[in-house]
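Below is target36.txt, which holds compact mmCIF, C-alpha atoms.
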# COMPACT_ATOMS: atom_id res chain seq x y z
CA MET A 1 36.31 4.07 121.14
CA LYS A 2 35.40 7.58 120.13
CA ALA A 3 35.83 10.59 122.37
CA VAL A 4 35.28 14.31 122.24
CA VAL A 5 37.63 16.69 124.02
CA THR A 6 36.34 20.25 124.34
CA VAL A 7 38.83 23.00 125.14
CA THR A 8 37.57 26.34 126.40
CA LEU A 9 39.20 29.51 127.69
CA LYS A 10 39.31 29.87 131.46
CA SER A 11 37.02 32.53 132.82
CA GLY A 12 38.82 35.83 133.23
CA VAL A 13 41.06 35.22 130.21
CA LEU A 14 40.43 37.91 127.62
CA ASP A 15 39.25 36.46 124.29
CA PRO A 16 39.90 39.00 121.51
CA GLN A 17 38.66 36.57 118.85
CA GLY A 18 35.38 36.00 120.70
CA LYS A 19 34.94 39.77 120.92
CA ALA A 20 35.49 40.17 117.16
CA ILE A 21 32.95 37.40 116.43
CA GLN A 22 30.45 39.03 118.76
CA SER A 23 30.81 42.34 116.97
CA ALA A 24 30.42 40.63 113.55
CA LEU A 25 27.22 38.99 114.79
CA GLY A 26 26.06 42.44 115.88
CA SER A 27 26.60 43.77 112.38
CA LEU A 28 24.50 40.88 111.03
CA GLY A 29 21.66 42.10 113.20
CA PHE A 30 22.01 39.65 116.10
CA ASP A 31 21.70 42.25 118.82
CA GLY A 32 21.04 40.02 121.81
CA VAL A 33 24.50 38.44 122.05
CA GLY A 34 25.94 39.08 125.52
CA SER A 35 29.33 37.50 125.00
CA ILE A 36 31.10 34.83 122.98
CA ARG A 37 34.01 32.66 124.01
CA GLN A 38 35.73 30.74 121.24
CA GLY A 39 36.98 27.21 121.97
CA LYS A 40 38.08 24.04 120.20
CA ILE A 41 36.61 20.56 119.80
CA PHE A 42 38.72 17.46 119.12
CA GLU A 43 37.01 14.28 117.90
CA ILE A 44 39.35 11.43 118.72
CA ASP A 45 39.35 7.75 117.82
CA ILE A 46 41.35 5.65 120.24
CA ALA A 47 42.12 1.93 120.39
CA GLU A 48 41.52 1.63 124.15
CA THR A 49 38.15 -0.03 124.88
CA ASP A 50 38.07 0.24 128.67
CA PRO A 51 36.23 3.49 129.54
CA ALA A 52 38.25 4.25 132.67
CA ARG A 53 41.60 3.71 130.95
CA ALA A 54 40.41 5.66 127.89
CA ALA A 55 39.31 8.58 130.05
CA SER A 56 42.64 8.67 131.82
CA GLU A 57 44.56 8.52 128.52
CA LEU A 58 42.44 11.36 127.10
CA LYS A 59 43.01 13.46 130.21
CA ASP A 60 46.73 12.97 129.70
CA MET A 61 46.44 14.02 126.03
CA ALA A 62 44.48 17.12 126.96
CA GLU A 63 46.94 18.22 129.63
CA LYS A 64 50.07 17.45 127.61
CA LEU A 65 49.01 18.95 124.29
CA LEU A 66 45.37 19.69 123.44
CA ALA A 67 44.89 22.39 126.09
CA ASN A 68 47.31 24.97 127.43
CA MET A 69 46.53 24.90 131.13
CA VAL A 70 47.72 28.50 131.58
CA ILE A 71 44.63 29.83 129.81
CA GLU A 72 42.40 26.87 128.95
CA ASN A 73 40.17 24.24 130.56
CA TYR A 74 39.14 20.97 128.95
CA ARG A 75 36.32 18.45 129.17
CA VAL A 76 36.51 14.80 128.07
CA GLU A 77 33.43 12.91 126.86
CA LEU A 78 33.52 9.28 125.79
CA VAL A 79 31.19 8.52 122.87
CA GLN A 80 30.37 4.87 122.25
CA GLY A 81 30.49 4.01 118.53
CA MET A 82 27.32 2.84 116.76
CA ASP A 83 28.77 -0.64 116.35
CA GLU A 84 29.57 -1.12 120.03
CA MET B 1 81.42 31.28 120.62
CA LYS B 2 79.79 28.21 119.13
CA SER B 3 76.06 28.35 118.68
CA ALA B 4 73.23 26.26 117.26
CA VAL B 5 70.00 27.39 115.63
CA ILE B 6 67.10 24.95 115.84
CA VAL B 7 65.05 24.86 112.63
CA PHE B 8 61.43 23.69 112.56
CA PRO B 9 59.15 23.28 109.54
CA GLY B 10 57.83 26.81 109.15
CA SER B 11 60.73 28.63 110.82
CA ASN B 12 61.42 31.71 108.68
CA ARG B 13 63.73 33.96 110.73
CA ASP B 14 66.39 31.27 111.03
CA ARG B 15 68.55 32.84 108.30
CA ASP B 16 68.45 36.27 109.92
CA MET B 17 69.50 34.67 113.19
CA ILE B 18 72.29 32.65 111.55
CA ALA B 19 73.60 35.79 109.78
CA ALA B 20 73.54 37.81 113.02
CA LEU B 21 75.31 35.09 115.02
CA GLU B 22 77.97 34.67 112.34
CA LYS B 23 78.60 38.42 112.01
CA ILE B 24 78.86 38.99 115.74
CA SER B 25 80.66 35.84 116.89
CA GLY B 26 82.74 35.15 113.79
CA HIS B 27 81.53 31.54 113.71
CA ALA B 28 78.73 30.13 111.58
CA PRO B 29 76.20 28.47 113.89
CA ALA B 30 75.28 24.82 113.50
CA THR B 31 71.76 24.33 112.24
CA VAL B 32 69.83 21.54 113.93
CA TRP B 33 66.66 20.07 112.45
CA HIS B 34 63.58 19.57 114.63
CA ALA B 35 63.58 15.81 114.06
CA ASP B 36 67.16 15.43 115.30
CA THR B 37 67.63 14.22 118.83
CA ASP B 38 71.02 15.70 119.64
CA ILE B 39 72.65 19.13 119.59
CA PRO B 40 76.43 19.50 119.09
CA PRO B 41 78.36 20.97 122.04
CA VAL B 42 77.64 24.71 121.84
CA ASP B 43 77.71 27.81 124.06
CA LEU B 44 74.32 29.11 122.94
CA ILE B 45 71.14 27.52 121.55
CA VAL B 46 68.69 29.71 119.63
CA LEU B 47 65.08 29.03 118.66
CA PRO B 48 64.33 31.48 115.84
CA GLY B 49 61.15 33.20 114.72
CA GLY B 50 58.64 31.95 112.20
CA PHE B 51 55.42 30.00 112.04
CA SER B 52 56.42 26.46 113.00
CA TYR B 53 53.79 23.96 111.85
CA GLY B 54 51.68 26.84 110.55
CA ASP B 55 50.81 27.81 114.15
CA TYR B 56 48.48 24.78 114.21
CA LEU B 57 46.72 24.13 117.54
CA ARG B 58 48.50 27.07 119.23
CA SER B 59 51.63 28.99 118.19
CA GLY B 60 54.63 26.86 119.12
CA ALA B 61 52.52 24.00 120.51
CA ILE B 62 53.55 21.33 118.01
CA ALA B 63 57.19 22.43 117.79
CA ALA B 64 57.44 22.29 121.60
CA ARG B 65 56.78 18.51 121.38
CA ALA B 66 59.31 17.92 118.54
CA PRO B 67 62.07 15.34 119.22
CA ILE B 68 64.84 17.97 119.46
CA MET B 69 63.10 19.75 122.34
CA ARG B 70 64.12 17.03 124.79
CA ALA B 71 67.77 17.88 124.02
CA VAL B 72 67.04 21.61 124.35
CA ALA B 73 65.47 21.02 127.77
CA GLU B 74 68.44 18.91 128.90
CA ARG B 75 70.96 21.57 127.83
CA ALA B 76 68.92 24.32 129.47
CA ALA B 77 68.86 22.28 132.69
CA ALA B 78 72.63 21.94 132.42
CA GLY B 79 72.95 25.74 132.29
CA VAL B 80 73.55 26.29 128.56
CA PRO B 81 72.11 29.68 127.47
CA VAL B 82 68.94 29.28 125.38
CA LEU B 83 67.41 32.21 123.49
CA GLY B 84 63.92 32.05 121.96
CA VAL B 85 62.84 34.92 119.72
CA CYS B 86 59.22 35.39 118.60
CA ASN B 87 58.05 31.89 117.63
CA GLY B 88 61.04 30.67 119.66
CA PHE B 89 59.55 32.39 122.75
CA GLN B 90 56.17 30.77 122.02
CA ILE B 91 57.86 27.36 121.74
CA LEU B 92 59.79 27.80 125.02
CA CYS B 93 56.51 28.65 126.81
CA GLU B 94 54.67 25.71 125.26
CA ALA B 95 57.57 23.43 126.20
CA GLY B 96 57.35 24.56 129.83
CA LEU B 97 60.88 26.01 129.81
CA LEU B 98 59.36 29.44 130.49
CA PRO B 99 56.10 30.21 132.33
CA GLY B 100 52.97 31.66 130.70
CA MET B 101 52.00 31.72 127.05
CA LEU B 102 51.51 34.07 124.09
CA MET B 103 47.91 34.70 123.01
CA ARG B 104 46.51 36.44 119.94
CA ASN B 105 47.36 40.16 119.91
CA ALA B 106 44.65 42.16 121.69
CA SER B 107 44.16 44.21 118.50
CA LEU B 108 43.66 40.97 116.49
CA ARG B 109 46.12 42.48 113.99
CA PHE B 110 49.52 41.21 112.95
CA VAL B 111 51.97 43.86 114.15
CA CYS B 112 55.09 44.51 112.08
CA ARG B 113 56.91 47.65 113.21
CA GLU B 114 59.59 48.99 115.46
CA VAL B 115 58.92 49.26 119.20
CA LEU B 116 60.77 50.68 122.18
CA LEU B 117 62.01 48.30 124.85
CA ARG B 118 63.06 49.12 128.40
CA ILE B 119 65.90 46.99 129.76
CA GLU B 120 64.36 45.79 133.02
CA THR B 121 67.30 43.76 134.28
CA THR B 122 70.98 43.62 133.44
CA GLN B 123 71.38 40.57 135.69
CA SER B 124 71.50 38.00 132.91
CA ILE B 125 73.92 36.58 130.42
CA PHE B 126 71.83 38.22 127.67
CA THR B 127 71.46 41.75 128.99
CA ASP B 128 74.57 42.70 130.93
CA ARG B 129 75.96 44.90 128.14
CA TYR B 130 72.88 47.13 128.42
CA ARG B 131 72.21 49.71 131.14
CA GLN B 132 69.42 49.20 133.68
CA GLY B 133 66.36 51.17 132.50
CA GLU B 134 67.89 51.94 129.10
CA ILE B 135 65.38 52.31 126.26
CA ILE B 136 66.35 50.58 123.02
CA ARG B 137 64.70 50.23 119.62
CA CYS B 138 63.76 46.78 118.34
CA PRO B 139 61.51 45.46 115.56
CA VAL B 140 58.52 43.19 116.23
CA ALA B 141 56.59 41.06 113.72
CA HIS B 142 53.94 38.81 115.24
CA GLY B 143 50.26 37.99 115.52
CA ASP B 144 50.44 36.09 118.82
CA GLY B 145 52.58 38.16 121.18
CA ASN B 146 50.09 38.89 123.93
CA TYR B 147 51.88 37.50 126.99
CA ARG B 148 49.58 35.89 129.59
CA VAL B 149 50.47 34.38 132.91
CA ASP B 150 48.58 33.77 136.17
CA GLU B 151 48.80 36.41 138.90
CA ALA B 152 50.93 34.30 141.26
CA THR B 153 53.53 33.57 138.57
CA LEU B 154 53.53 37.21 137.46
CA ALA B 155 54.26 38.28 141.03
CA ARG B 156 57.06 35.73 141.18
CA LEU B 157 58.57 36.94 137.88
CA LYS B 158 58.66 40.47 139.28
CA ASP B 159 59.98 39.46 142.71
CA GLU B 160 62.74 37.41 141.15
CA ASP B 161 63.73 40.16 138.67
CA ARG B 162 62.93 37.89 135.72
CA VAL B 163 61.21 40.42 133.46
CA ALA B 164 64.00 41.14 130.97
CA PHE B 165 62.22 43.69 128.74
CA ARG B 166 59.00 45.72 128.77
CA TYR B 167 57.45 47.65 125.91
CA ALA B 168 58.10 51.33 126.59
CA GLY B 169 57.05 54.75 125.40
CA ALA B 170 53.77 56.19 124.19
CA SER B 171 51.92 54.55 121.34
CA ALA B 172 53.58 56.73 118.66
CA GLY B 173 56.71 54.74 117.87
CA GLY B 174 56.45 52.80 121.12
CA GLY B 175 53.78 51.44 123.40
CA ASN B 176 52.51 47.94 124.04
CA PRO B 177 51.92 46.49 120.56
CA ASN B 178 50.02 43.35 121.56
CA GLY B 179 48.28 43.83 124.91
CA SER B 180 50.81 41.79 126.92
CA ILE B 181 50.14 41.72 130.64
CA ASP B 182 52.27 44.31 132.44
CA ALA B 183 53.73 45.27 128.99
CA ILE B 184 56.08 42.29 129.19
CA ALA B 185 58.22 41.74 126.08
CA GLY B 186 60.70 39.17 127.40
CA ILE B 187 61.26 36.95 130.43
CA LEU B 188 63.96 34.78 131.98
CA ASN B 189 63.67 31.34 133.59
CA ASP B 190 64.52 30.85 137.25
CA ARG B 191 68.15 29.97 136.47
CA ARG B 192 68.38 33.06 134.22
CA ASN B 193 69.93 31.07 131.35
CA VAL B 194 66.77 30.84 129.23
CA LEU B 195 65.41 34.05 127.66
CA GLY B 196 62.23 34.34 125.60
CA MET B 197 61.32 37.58 123.84
CA MET B 198 58.87 38.63 121.13
CA PRO B 199 61.03 41.41 119.53
CA HIS B 200 63.78 40.55 117.04
CA PRO B 201 67.22 41.77 118.23
CA GLU B 202 68.82 39.89 115.32
CA ASN B 203 67.21 42.37 112.94
CA LEU B 204 68.96 45.43 114.39
CA ILE B 205 72.64 44.56 114.53
CA GLU B 206 74.25 46.77 111.87
CA PRO B 207 73.78 50.30 110.49
CA LEU B 208 72.39 48.95 107.21
CA GLN B 209 69.39 47.70 109.20
CA GLY B 210 68.86 51.17 110.63
CA GLY B 211 70.53 50.64 113.99
CA THR B 212 72.54 48.38 116.24
CA ASP B 213 70.48 48.26 119.44
CA GLY B 214 70.02 44.49 119.20
CA ARG B 215 73.70 43.78 118.89
CA ARG B 216 74.62 44.05 122.56
CA LEU B 217 72.33 41.15 123.44
CA PHE B 218 74.55 38.82 121.42
CA GLU B 219 77.72 40.60 122.59
CA SER B 220 76.62 40.05 126.20
CA VAL B 221 76.51 36.30 125.65
CA LEU B 222 79.75 36.36 123.68
CA GLU B 223 81.57 38.23 126.41
CA ARG B 224 80.37 35.86 129.14
CA ILE B 225 81.33 32.82 127.10
CA ALA B 226 84.80 34.24 126.46
CA ALA B 227 85.26 35.18 130.13

As structure tokens, how would this structure be written, given the file I've shared?
Amino acid sequence: MKAVVTVTLKSGVLDPQGKAIQSALGSLGFDGVGSIRQGKIFEIDIAETDPARAASELKDMAEKLLANMVIENYRVELVQGMDE
Amino acid sequence: MKSAVIVFPGSNRDRDMIAALEKISGHAPATVWHADTDIPPVDLIVLPGGFSYGDYLRSGAIAARAPIMRAVAERAAAGVPVLGVCNGFQILCEAGLLPGMLMRNASLRFVCREVLLRIETTQSIFTDRYRQGEIIRCPVAHGDGNYRVDEATLARLKDEDRVAFRYAGASAGGGNPNGSIDAIAGILNDRRNVLGMMPHPENLIEPLQGGTDGRRLFESVLERIAA
């Protein structure tokens, strides 16, 4: 089964990288950008085929390693493969 | 005093730390590889600076899950002093041995210079040879030193006198080099036997390095161990 885990900064956490990207977009002429928050996406292939068990395993992965819960939130999405 | 330095792929301040420990304690520290699962009996465990695993995912995140970290956590729980400097601090936070985490510097720039540190507590095995409120010099060299922690934990750190060092002075030759919350440069765990700090005391231990302000940190531990 394929899954996507998206990790984003919690609101209120300052994102200096997002600010730098926003200012670079400004210098490219994109003036309408209010704010940018940079995050991470993990595309994961796992052997588990039961959606509930897969979701719980992915939650565990996110909390133990993929996200740092001090500053980040995460979202798990299961993506069925084309052959399934 | 017997000590051990934990070496990860990408550690690069391990030799400075080994040299400092040997000069000050008279004993060469054991070096322990990240893939090992046991640490010899020692009085002090040190996680040195560097860029373990190329800072992949987050600084210290992969190293914090290395096999040796289970042994580090067990020794820390048993009361053995554990010092994490720079990347070592990042690893201790990622491993949950210290609260909070180190984000990208607010300036987005790697900062490599000397800073001023205020000794915020002398109530620890690492700081009792300093004077309360004393300002010392210490070098920093990091890109991710911006300490972040939630408000409740920050209040707890302050209430429990667990802020070991703050960046001090005005921006010329001092100041907060990375945007850390409350100018925090180093913190202790609740048992006060685990210290994480971004500055490098091991790089200011003899006159050839331009000063000796970092030396008393190691002498503090040495004295306690001998006592």

Choose the residue, out of A:Leu65, A:Ile36, A:Ile41, A:Val4, that has the smallest atom-to-atom separation from chain B; count all atoms listed in the file.
->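 For chain B, the nearest of the candidates is A:Leu65.
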
Between B:Gly50, B:Val85, B:Val115, B:Glu219, single out the one closest to Gly26 in chain B, counting only C-alpha atoms.
->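 Under the stated criterion, the closest residue is B:Glu219.
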
Give me the residues of range 87-135 of chain B that have any atom at most 6 Å from an atom of range 144-163 of chain B; for each, the nearest atom pair and the distance in Å, rounded to one decimal. Use all atoms listed in the file, sort by chain and number, and format it as a tab-separated table.
residue	atom	partner	partner_atom	distance
B:Gly100	CA	B:Val149	CA	4.3
B:Met101	CA	B:Arg148	CA	5.4
B:Leu102	CA	B:Tyr147	CA	4.5
B:Met103	CA	B:Asn146	CA	4.8
B:Arg104	CA	B:Asp144	CA	4.1
B:Asn105	CA	B:Asn146	CA	5.0

What does the file look like for those residues with C-alpha atoms, as a PDB file, in the coordinates of the input?
ATOM      1  CA  GLY B 100      52.970  31.660 130.700  1.00  0.00           C
ATOM      2  CA  MET B 101      52.000  31.720 127.050  1.00  0.00           C
ATOM      3  CA  LEU B 102      51.510  34.070 124.090  1.00  0.00           C
ATOM      4  CA  MET B 103      47.910  34.700 123.010  1.00  0.00           C
ATOM      5  CA  ARG B 104      46.510  36.440 119.940  1.00  0.00           C
ATOM      6  CA  ASN B 105      47.360  40.160 119.910  1.00  0.00           C
TER       7      ASN B 105
END

Using only C-alpha atoms, find the residues of chain A whose closest atom to chain B is at most 12 Å away, then write them as a list in words.
->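 My answer is Val7, Leu9, Lys10, Gly12, Val13, Leu14, Asp15, Pro16, Gln17, Gly18, Lys19, Ala20, Ile21, Gly39, Lys40, Ile41, Phe42, Ala62, Glu63, Lys64, Leu65, Leu66, Ala67, Asn68, Met69, Val70, Ile71 and Glu72 of chain A.
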
Gap from CA of Phe110 in chain B to CA of His142 in chain B - Å, one decimal |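 Between CA of Phe110 in chain B and CA of His142 in chain B the gap works out to 5.5 Å.
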
Distance in Å - CA of Ser52 in chain B versus CA of Phe8 in chain B = 5.7 Å

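Residue nearest Phe51 in chain B within the list B:Pro29, B:Gly84, B:Ile68, B:Gly143: B:Gly143 [criterion: smallest interatomic distance, only C-alpha atoms].
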
Given all atoms listed in the file as the counted atoms, nearest of B:Thr37, B:Ser11, B:Gln90, B:Ser59 to Ala185 in chain B = B:Gln90

To one decimal in Å, tell me the separation between CA of Leu25 in chain A and CA of Gln38 in chain A.
-> 13.5 Å

Identify, on the basis of only C-alpha atoms, every residue whose closest approach to range 43-52 of chain A does not exceed 9 Å; exclude the query and any residue fewer than 5 positions from it along the same chain; express the result as a VMD selection string.
-> chain A and resid 1 to 6 57 to 58 78

Of the residues B:Ala30, B:Ala76, B:Leu44, B:Cys112, which is the one nearest to Leu222 in chain B, using all atoms listed in the file?
-> B:Leu44

If I wrap all listed atoms of range 47-50 of chain B in a box with edges along x, y and z and add 8 Å on each side, what are its centre and edge lengths in Å to one decimal, as lines of an AutoDock Vina configuration file?
center_x = 61.9
center_y = 31.1
center_z = 115.4
size_x = 22.4
size_y = 20.2
size_z = 22.5

Might you pull out every residue within 10 Å of Gln22 in chain A, with all atoms listed in the file counted and same-chain residues fewer than 4 positions away left off, and present them as a list in words?
-> Pro16, Gln17, Gly18, Gly26, Ser27, Leu28, Phe30, Asp31, Gly32, Val33, Gly34, Ser35, Ile36 and Arg37 of chain A

Just C-alpha atoms for this one: save the residues we selected as a PDB file, in the frame of the given file.
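Below is the file out-v4.pdb, written as the result:
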ATOM      1  CA  PRO A  16      39.900  39.000 121.510  1.00  0.00           C
ATOM      2  CA  GLN A  17      38.660  36.570 118.850  1.00  0.00           C
ATOM      3  CA  GLY A  18      35.380  36.000 120.700  1.00  0.00           C
ATOM      4  CA  GLY A  26      26.060  42.440 115.880  1.00  0.00           C
ATOM      5  CA  SER A  27      26.600  43.770 112.380  1.00  0.00           C
ATOM      6  CA  LEU A  28      24.500  40.880 111.030  1.00  0.00           C
ATOM      7  CA  PHE A  30      22.010  39.650 116.100  1.00  0.00           C
ATOM      8  CA  ASP A  31      21.700  42.250 118.820  1.00  0.00           C
ATOM      9  CA  GLY A  32      21.040  40.020 121.810  1.00  0.00           C
ATOM     10  CA  VAL A  33      24.500  38.440 122.050  1.00  0.00           C
ATOM     11  CA  GLY A  34      25.940  39.080 125.520  1.00  0.00           C
ATOM     12  CA  SER A  35      29.330  37.500 125.000  1.00  0.00           C
ATOM     13  CA  ILE A  36      31.100  34.830 122.980  1.00  0.00           C
ATOM     14  CA  ARG A  37      34.010  32.660 124.010  1.00  0.00           C
TER      15      ARG A  37
END

Leaving out Cys86 in chain B and any residue of its chain fewer than 2 positions from it, which residues lie within 6 Å of it when counting only C-alpha atoms, given as a PyMOL selection string?
-> chain B and resi 49+88-89+198

Can you tell me, as a compact mmCIF listing (two decimals) with C-alpha atoms, in the frame of the given file, which residues sit within 6 Å of (65.8, 50.3, 119.5) in the file's frame, using only C-alpha atoms?
# COMPACT_ATOMS: atom_id res chain seq x y z
CA LEU B 116 60.77 50.68 122.18
CA ILE B 136 66.35 50.58 123.02
CA ARG B 137 64.70 50.23 119.62
CA CYS B 138 63.76 46.78 118.34
CA ASP B 213 70.48 48.26 119.44

Give me range 18-97 of chain B from this structure - C-alpha atoms, as a PDB file, in the first residue's frame.
ATOM      1  CA  ILE B  18      38.542  14.012  22.835  1.00  0.00           C
ATOM      2  CA  ALA B  19      41.568  16.354  23.017  1.00  0.00           C
ATOM      3  CA  ALA B  20      39.865  18.584  25.603  1.00  0.00           C
ATOM      4  CA  LEU B  21      38.789  15.648  27.774  1.00  0.00           C
ATOM      5  CA  GLU B  22      42.257  14.112  27.652  1.00  0.00           C
ATOM      6  CA  LYS B  23      44.024  17.387  28.480  1.00  0.00           C
ATOM      7  CA  ILE B  24      41.735  18.208  31.381  1.00  0.00           C
ATOM      8  CA  SER B  25      41.149  14.774  32.905  1.00  0.00           C
ATOM      9  CA  GLY B  26      44.460  13.127  32.040  1.00  0.00           C
ATOM     10  CA  HIS B  27      42.646  10.136  30.537  1.00  0.00           C
ATOM     11  CA  ALA B  28      41.917   9.527  26.867  1.00  0.00           C
ATOM     12  CA  PRO B  29      38.159   9.032  26.479  1.00  0.00           C
ATOM     13  CA  ALA B  30      36.749   5.871  24.955  1.00  0.00           C
ATOM     14  CA  THR B  31      35.213   6.442  21.552  1.00  0.00           C
ATOM     15  CA  VAL B  32      31.944   4.627  20.952  1.00  0.00           C
ATOM     16  CA  TRP B  33      30.494   4.146  17.473  1.00  0.00           C
ATOM     17  CA  HIS B  34      26.826   4.908  16.807  1.00  0.00           C
ATOM     18  CA  ALA B  35      26.098   1.322  15.767  1.00  0.00           C
ATOM     19  CA  ASP B  36      27.419  -0.091  19.049  1.00  0.00           C
ATOM     20  CA  THR B  37      24.878  -1.037  21.661  1.00  0.00           C
ATOM     21  CA  ASP B  38      26.943  -0.689  24.816  1.00  0.00           C
ATOM     22  CA  ILE B  39      29.059   1.994  26.476  1.00  0.00           C
ATOM     23  CA  PRO B  40      31.962   1.043  28.785  1.00  0.00           C
ATOM     24  CA  PRO B  41      31.579   2.080  32.453  1.00  0.00           C
ATOM     25  CA  VAL B  42      32.379   5.811  32.438  1.00  0.00           C
ATOM     26  CA  ASP B  43      31.800   8.914  34.576  1.00  0.00           C
ATOM     27  CA  LEU B  44      30.787  11.145  31.675  1.00  0.00           C
ATOM     28  CA  ILE B  45      29.230  10.562  28.235  1.00  0.00           C
ATOM     29  CA  VAL B  46      29.656  13.234  25.562  1.00  0.00           C
ATOM     30  CA  LEU B  47      27.803  13.698  22.275  1.00  0.00           C
ATOM     31  CA  PRO B  48      30.042  15.967  20.179  1.00  0.00           C
ATOM     32  CA  GLY B  49      29.291  18.515  17.483  1.00  0.00           C
ATOM     33  CA  GLY B  50      29.065  17.923  13.768  1.00  0.00           C
ATOM     34  CA  PHE B  51      26.512  17.137  11.116  1.00  0.00           C
ATOM     35  CA  SER B  52      25.420  13.588  11.881  1.00  0.00           C
ATOM     36  CA  TYR B  53      23.779  11.995   8.836  1.00  0.00           C
ATOM     37  CA  GLY B  54      24.199  15.262   6.957  1.00  0.00           C
ATOM     38  CA  ASP B  55      21.403  16.813   9.052  1.00  0.00           C
ATOM     39  CA  TYR B  56      18.942  14.744   6.984  1.00  0.00           C
ATOM     40  CA  LEU B  57      15.274  15.048   8.002  1.00  0.00           C
ATOM     41  CA  ARG B  58      16.117  17.385  10.924  1.00  0.00           C
ATOM     42  CA  SER B  59      19.443  18.051  12.668  1.00  0.00           C
ATOM     43  CA  GLY B  60      20.088  15.154  15.028  1.00  0.00           C
ATOM     44  CA  ALA B  61      16.890  13.300  14.071  1.00  0.00           C
ATOM     45  CA  ILE B  62      18.505  10.204  12.576  1.00  0.00           C
ATOM     46  CA  ALA B  63      21.341  10.020  15.110  1.00  0.00           C
ATOM     47  CA  ALA B  64      18.783  10.175  17.939  1.00  0.00           C
ATOM     48  CA  ARG B  65      17.380   6.829  16.701  1.00  0.00           C
ATOM     49  CA  ALA B  66      20.825   5.155  16.344  1.00  0.00           C
ATOM     50  CA  PRO B  67      21.352   1.891  18.288  1.00  0.00           C
ATOM     51  CA  ILE B  68      23.765   3.465  20.805  1.00  0.00           C
ATOM     52  CA  MET B  69      21.155   5.995  21.937  1.00  0.00           C
ATOM     53  CA  ARG B  70      19.271   3.351  23.914  1.00  0.00           C
ATOM     54  CA  ALA B  71      22.424   2.865  26.024  1.00  0.00           C
ATOM     55  CA  VAL B  72      22.847   6.645  26.384  1.00  0.00           C
ATOM     56  CA  ALA B  73      19.246   6.943  27.617  1.00  0.00           C
ATOM     57  CA  GLU B  74      19.741   4.092  30.100  1.00  0.00           C
ATOM     58  CA  ARG B  75      22.918   5.653  31.535  1.00  0.00           C
ATOM     59  CA  ALA B  76      21.271   9.067  31.739  1.00  0.00           C
ATOM     60  CA  ALA B  77      18.360   7.497  33.627  1.00  0.00           C
ATOM     61  CA  ALA B  78      20.885   5.898  35.979  1.00  0.00           C
ATOM     62  CA  GLY B  79      22.322   9.356  36.745  1.00  0.00           C
ATOM     63  CA  VAL B  80      25.492   9.300  34.623  1.00  0.00           C
ATOM     64  CA  PRO B  81      26.344  12.852  33.433  1.00  0.00           C
ATOM     65  CA  VAL B  82      25.654  13.313  29.709  1.00  0.00           C
ATOM     66  CA  LEU B  83      26.871  16.389  27.816  1.00  0.00           C
ATOM     67  CA  GLY B  84      25.649  17.235  24.309  1.00  0.00           C
ATOM     68  CA  VAL B  85      27.386  20.065  22.466  1.00  0.00           C
ATOM     69  CA  CYS B  86      25.972  21.598  19.262  1.00  0.00           C
ATOM     70  CA  ASN B  87      24.850  18.594  17.188  1.00  0.00           C
ATOM     71  CA  GLY B  88      24.982  16.668  20.469  1.00  0.00           C
ATOM     72  CA  PHE B  89      22.374  19.076  21.905  1.00  0.00           C
ATOM     73  CA  GLN B  90      20.221  18.599  18.795  1.00  0.00           C
ATOM     74  CA  ILE B  91      20.484  14.815  19.187  1.00  0.00           C
ATOM     75  CA  LEU B  92      19.551  14.917  22.902  1.00  0.00           C
ATOM     76  CA  CYS B  93      16.438  16.964  22.048  1.00  0.00           C
ATOM     77  CA  GLU B  94      15.451  14.666  19.191  1.00  0.00           C
ATOM     78  CA  ALA B  95      15.977  11.655  21.473  1.00  0.00           C
ATOM     79  CA  GLY B  96      13.631  13.151  24.064  1.00  0.00           C
ATOM     80  CA  LEU B  97      16.353  13.349  26.730  1.00  0.00           C
TER      81      LEU B  97
END
